[in-house]
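For reference, data33.txt (compact mmCIF, C-alpha atoms):
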# COMPACT_ATOMS: atom_id res chain seq x y z
CA MET A 1 154.98 77.98 80.25
CA ARG A 2 157.72 79.70 82.24
CA HIS A 3 160.09 76.79 82.92
CA PHE A 4 160.51 73.26 81.57
CA LEU A 5 161.34 71.29 84.71
CA ASP A 6 159.56 67.98 84.23
CA ILE A 7 157.22 66.30 81.79
CA ASN A 8 154.65 65.51 84.49
CA ALA A 9 154.59 69.19 85.54
CA THR A 10 153.92 70.42 81.99
CA ASP A 11 150.52 70.66 80.33
CA THR A 12 149.91 67.94 77.72
CA GLU A 13 149.11 70.48 75.01
CA ASP A 14 152.36 72.34 75.73
CA LEU A 15 154.28 69.06 75.39
CA LYS A 16 152.60 68.28 72.06
CA SER A 17 153.28 71.81 70.85
CA MET A 18 156.96 71.53 71.80
CA ILE A 19 157.29 68.30 69.81
CA ALA A 20 155.46 69.76 66.80
CA GLN A 21 157.64 72.90 66.83
CA ALA A 22 160.82 70.84 67.17
CA ARG A 23 159.74 68.62 64.29
CA ALA A 24 159.00 71.64 62.08
CA MET A 25 162.38 73.17 62.91
CA LYS A 26 164.14 69.87 62.17
CA ASP A 27 162.31 69.52 58.85
CA ALA A 28 163.25 73.09 57.90
CA ARG A 29 166.92 72.27 58.55
CA ALA A 30 166.96 69.27 56.19
CA GLY A 31 169.97 69.38 53.87
CA ARG A 32 171.64 72.35 55.55
CA PRO A 33 175.16 72.33 56.93
CA LYS A 34 175.01 71.81 60.69
CA GLY A 35 176.50 75.21 61.52
CA THR A 36 174.05 77.17 59.37
CA PRO A 37 171.54 79.23 61.38
CA ASP A 38 167.83 78.57 60.94
CA ASP A 39 165.79 80.88 58.70
CA GLU A 40 163.76 81.92 61.70
CA LEU A 41 165.94 82.88 64.64
CA PRO A 42 163.75 82.64 67.76
CA LEU A 43 166.78 83.11 70.03
CA LYS A 44 168.40 85.95 68.08
CA GLY A 45 170.11 88.30 70.51
CA GLN A 46 169.53 85.92 73.43
CA MET A 47 172.20 84.57 75.80
CA VAL A 48 171.62 81.10 77.24
CA ALA A 49 173.61 79.85 80.23
CA LEU A 50 174.33 76.13 79.96
CA ILE A 51 175.27 74.82 83.42
CA PHE A 52 176.90 71.41 83.55
CA GLU A 53 177.37 70.42 87.15
CA LYS A 54 177.21 66.84 85.86
CA PRO A 55 179.44 66.15 82.80
CA SER A 56 177.94 65.39 79.40
CA THR A 57 178.75 65.00 75.75
CA ARG A 58 175.40 64.68 73.94
CA THR A 59 173.46 67.11 76.13
CA ARG A 60 176.21 69.70 75.98
CA VAL A 61 176.67 69.51 72.21
CA SER A 62 172.95 69.34 71.41
CA PHE A 63 172.00 72.32 73.58
CA ASP A 64 174.96 74.40 72.41
CA MET A 65 174.30 73.67 68.72
CA GLY A 66 170.54 74.08 69.08
CA VAL A 67 170.87 77.52 70.67
CA ARG A 68 173.36 78.60 67.99
CA GLN A 69 171.18 77.29 65.15
CA MET A 70 168.28 79.31 66.58
CA GLY A 71 170.41 82.45 66.57
CA GLY A 72 171.38 82.59 70.24
CA GLU A 73 174.68 82.63 72.06
CA THR A 74 175.73 80.25 74.82
CA MET A 75 177.71 80.61 78.00
CA LEU A 76 179.02 77.20 79.10
CA LEU A 77 179.53 76.86 82.85
CA THR A 78 180.76 73.82 84.77
CA GLY A 79 180.52 72.91 88.42
CA GLN A 80 184.25 73.56 88.78
CA GLU A 81 183.82 77.13 87.44
CA MET A 82 180.93 77.99 89.71
CA GLN A 83 180.16 77.92 93.40
CA LEU A 84 176.69 76.48 92.80
CA GLY A 85 175.32 75.64 96.22
CA HIS A 86 178.71 75.76 98.01
CA GLY A 87 180.27 79.16 98.45
CA GLU A 88 177.21 80.97 97.20
CA SER A 89 173.64 79.84 97.41
CA ILE A 90 171.71 78.50 94.45
CA ALA A 91 169.21 81.32 94.99
CA ASP A 92 171.99 83.90 94.67
CA THR A 93 173.37 82.18 91.56
CA ALA A 94 169.87 82.27 90.03
CA ARG A 95 169.52 85.99 90.73
CA VAL A 96 173.00 86.81 89.39
CA LEU A 97 172.60 84.76 86.21
CA SER A 98 169.15 86.28 85.61
CA ARG A 99 170.80 89.70 85.34
CA TYR A 100 173.08 88.55 82.51
CA VAL A 101 171.32 85.80 80.55
CA ASP A 102 167.92 85.26 78.97
CA MET A 103 167.56 81.56 79.78
CA ILE A 104 169.25 78.86 81.89
CA MET A 105 169.63 75.15 81.16
CA ILE A 106 171.02 73.10 84.04
CA ARG A 107 172.30 69.54 84.13
CA THR A 108 172.72 68.77 87.81
CA PHE A 109 172.62 65.98 90.34
CA GLU A 110 169.97 67.01 92.83
CA GLU A 111 166.37 67.77 91.88
CA SER A 112 166.29 70.32 94.70
CA ALA A 113 169.01 72.39 92.96
CA LEU A 114 166.90 72.57 89.79
CA HIS A 115 163.79 73.65 91.68
CA GLU A 116 165.62 76.24 93.78
CA LEU A 117 167.26 77.69 90.66
CA ALA A 118 163.83 77.93 88.97
CA GLU A 119 162.24 79.48 92.06
CA TYR A 120 164.75 82.34 92.21
CA ALA A 121 165.54 82.87 88.51
CA SER A 122 163.61 85.58 86.72
CA VAL A 123 164.37 83.89 83.38
CA PRO A 124 163.17 80.51 82.06
CA VAL A 125 164.95 77.40 83.39
CA ILE A 126 165.23 74.09 81.51
CA ASN A 127 165.95 70.75 83.16
CA GLY A 128 168.83 69.25 81.15
CA LEU A 129 168.96 66.31 83.60
CA THR A 130 168.80 65.54 87.30
CA ASN A 131 169.34 62.29 89.16
CA ARG A 132 165.55 61.92 89.16
CA THR A 133 164.49 62.92 85.62
CA HIS A 134 165.73 63.54 82.07
CA PRO A 135 162.77 65.21 80.32
CA CYS A 136 164.54 66.61 77.24
CA GLN A 137 165.88 63.15 76.38
CA ILE A 138 162.41 61.64 76.49
CA MET A 139 160.87 64.50 74.50
CA ALA A 140 163.47 63.81 71.78
CA ASP A 141 162.72 60.08 72.02
CA VAL A 142 158.99 60.70 71.60
CA MET A 143 159.66 62.93 68.59
CA THR A 144 161.85 60.23 67.03
CA PHE A 145 159.21 57.57 67.72
CA GLU A 146 156.54 59.68 66.02
CA GLU A 147 158.80 60.40 63.02
CA HIS A 148 159.16 56.66 62.40
CA ARG A 149 155.95 55.14 63.81
CA GLY A 150 153.31 57.88 63.82
CA PRO A 151 151.51 59.28 66.86
CA ILE A 152 152.59 57.68 70.13
CA GLN A 153 149.20 58.13 71.80
CA GLY A 154 147.54 54.76 72.31
CA LYS A 155 150.70 52.78 71.47
CA LYS A 156 152.37 50.27 73.75
CA VAL A 157 156.03 51.09 74.35
CA VAL A 158 158.36 48.83 76.32
CA TRP A 159 161.14 50.08 78.59
CA THR A 160 164.16 47.84 79.11
CA GLY A 161 166.75 48.97 81.59
CA ASP A 162 167.28 50.38 85.04
CA GLY A 163 164.66 52.37 86.92
CA ASN A 164 166.71 55.54 86.47
CA ASN A 165 166.04 59.19 85.57
CA VAL A 166 165.33 58.32 81.91
CA CYS A 167 162.80 55.69 83.02
CA ALA A 168 161.10 58.19 85.35
CA SER A 169 160.67 60.71 82.53
CA PHE A 170 159.50 57.92 80.23
CA ILE A 171 156.76 57.04 82.76
CA HIS A 172 155.83 60.75 83.05
CA ALA A 173 155.54 60.99 79.25
CA ALA A 174 153.32 57.91 79.11
CA GLY A 175 150.93 59.55 81.53
CA GLN A 176 150.94 62.92 79.80
CA LEU A 177 150.94 61.75 76.16
CA GLY A 178 148.63 58.75 76.52
CA PHE A 179 150.79 55.79 75.61
CA ASP A 180 150.93 52.50 77.49
CA ARG A 181 154.27 51.63 78.97
CA THR A 182 155.49 48.34 80.30
CA ARG A 183 158.72 47.55 82.00
Mind turning this structure into structure tokens?
Amino acid sequence: MRHFLDINATDTEDLKSMIAQARAMKDARAGRPKGTPDDELPLKGQMVALIFEKPSTRTRVSFDMGVRQMGGETMLLTGQEMQLGHGESIADTARVLSRYVDMIMIRTFEESALHELAEYASVPVINGLTNRTHPCQIMADVMTFEEHRGPIQGKKVVWTGDGNNVCASFIHAAGQLGFDRTR
């Protein structure tokens, strides 16, 4: 898997593997101080650009800490610090960042910006959120569900709330991971 752009565009086995690996990493961290690096450092020596065109608290802190715990370094960039899509093209930004970083996470408004960044980046791109989807949030929600309730496949899960980006990713996950969703 080169990029993680959306749940519905990712193979079911890759999704299950991501959840299993995240669970194993979380279990291995049990009892450690939050700032302590993991024993295994899959991102050692790696630089990850974290682009926040859309502001965030939880996404920003969780990605920054996660990268650091896995041995990587982060470069935090905001829409005010960059000319993403106005002043320089998204394609040019993707090419420039690809020369300096090993991975890009973007939290943006427009889905088209995410896809253009992924098309022109030569490094992996992760969808931290768009107006249409929020796949990392739902992957974490599925992991939490399974920690407390067992496998989600075959379960009925109810969504209460707006038909927003979280809901869209929730529906994608239901289709990919085999749970029944009602709204």
Checklist line | Residue contacts of range 20-30 of chain A (10 Å, all atoms listed in the file) excluding same-chain residues fewer than 6 positions away, as an MDAnalysis selection string | finding: chainID A and resid 14 36:40 69:70 139:140 143:144 146:147
Saved selection, atoms kept: C-alpha atoms, as a short mmCIF file (atom, residue, chain, number, x, y, z; two decimals), keeping the file's coordinate frame:
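So the final result, stored in out.cif, reads:
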data_model
loop_
_atom_site.label_atom_id
_atom_site.label_comp_id
_atom_site.auth_asym_id
_atom_site.auth_seq_id
_atom_site.Cartn_x
_atom_site.Cartn_y
_atom_site.Cartn_z
CA ASP A 14 152.36 72.34 75.73
CA THR A 36 174.05 77.17 59.37
CA PRO A 37 171.54 79.23 61.38
CA ASP A 38 167.83 78.57 60.94
CA ASP A 39 165.79 80.88 58.70
CA GLU A 40 163.76 81.92 61.70
CA GLN A 69 171.18 77.29 65.15
CA MET A 70 168.28 79.31 66.58
CA MET A 139 160.87 64.50 74.50
CA ALA A 140 163.47 63.81 71.78
CA MET A 143 159.66 62.93 68.59
CA THR A 144 161.85 60.23 67.03
CA GLU A 146 156.54 59.68 66.02
CA GLU A 147 158.80 60.40 63.02
#
Margin query: Set the distance at 10 Å and use only C-alpha atoms: which residues neighbour Met103 in chain A once local chain neighbours fewer than 6 positions away are removed? I'd like the list as a ChimeraX atom specification.
Written below: /A:3,43,46-50,74,97,121-126
Next item on the list: Tell me which of A:Pro42, A:Ala173, A:Arg58, A:Ala113 sits closest to Thr93 in chain A, counting only C-alpha atoms.
Entry: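 Of all the options, A:Ala113 lies closest to Thr93 in chain A.
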Margin query: Between CA of Ala9 in chain A and CA of Gln137 in chain A, what is the distance in Å, rounded to a tenth?
Written below: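 Going from CA of Ala9 in chain A over to CA of Gln137 in chain A covers 15.7 Å.
If you count all atoms listed in the file and ignore residues fewer than 6 places along the chain from Asn164 in chain A, what sits within 8 Å of it is Asn131, Arg132 and Thr133 of chain A.
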Can you write out the residues you just picked, keeping C-alpha atoms, as a compact mmCIF listing (two decimals), in the frame of the given file?
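This went into out_0.txt:
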# COMPACT_ATOMS: atom_id res chain seq x y z
CA ASN A 131 169.34 62.29 89.16
CA ARG A 132 165.55 61.92 89.16
CA THR A 133 164.49 62.92 85.62
Notebook entry, point to check: Quick one: distance from CA of Met1 in chain A to CA of Asp102 in chain A in Å, one decimal?
Noted result: 14.9 Å
Next item on the list: Please work out which residues fall within 10 Å of (148.8, 49.1, 75.5), coordinates as given in the file, with only C-alpha atoms counting, and return them as an NGL selection string.
Entry: :A and (153-158 or 178-182)
Item checked: CA of Met105 in chain A to CA of Asn127 in chain A, distance in Å rounded to a single decimal ->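 Atom-to-atom, CA of Met105 in chain A and CA of Asn127 in chain A are spaced 6.1 Å apart.
Using all atoms listed in the file, the shortest contact distance between Glu81 in chain A and any of A:Glu119, A:Glu13, A:Asp141, A:Glu53 is found at A:Glu53.
Distance annotation: of A:Ile19, A:Ile51, A:Val166, A:Ala91, the residue with the minimal separation from Ile152 in chain A is A:Ile19; atom set is all atoms listed in the file.
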Compile the contact shell of range 78-80 of chain A as a compact mmCIF listing (two decimals) with C-alpha atoms, in the frame of the given file: residues with an atom at most 12 Å away, counting only C-alpha atoms, same-chain residues fewer than 2 positions apart removed.
# COMPACT_ATOMS: atom_id res chain seq x y z
CA ALA A 49 173.61 79.85 80.23
CA LEU A 50 174.33 76.13 79.96
CA ILE A 51 175.27 74.82 83.42
CA PHE A 52 176.90 71.41 83.55
CA GLU A 53 177.37 70.42 87.15
CA LYS A 54 177.21 66.84 85.86
CA PRO A 55 179.44 66.15 82.80
CA SER A 56 177.94 65.39 79.40
CA ARG A 60 176.21 69.70 75.98
CA MET A 75 177.71 80.61 78.00
CA LEU A 76 179.02 77.20 79.10
CA MET A 82 180.93 77.99 89.71
CA GLN A 83 180.16 77.92 93.40
CA LEU A 84 176.69 76.48 92.80
CA GLY A 85 175.32 75.64 96.22
CA HIS A 86 178.71 75.76 98.01
CA GLY A 87 180.27 79.16 98.45
CA MET A 105 169.63 75.15 81.16
CA ILE A 106 171.02 73.10 84.04
CA ARG A 107 172.30 69.54 84.13
CA THR A 108 172.72 68.77 87.81
CA PHE A 109 172.62 65.98 90.34
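Shortest atom-to-atom contact with Leu129 in chain A among A:Ala94, A:Cys167, A:Ile7, A:Thr59: A:Thr59, counting all atoms listed in the file.
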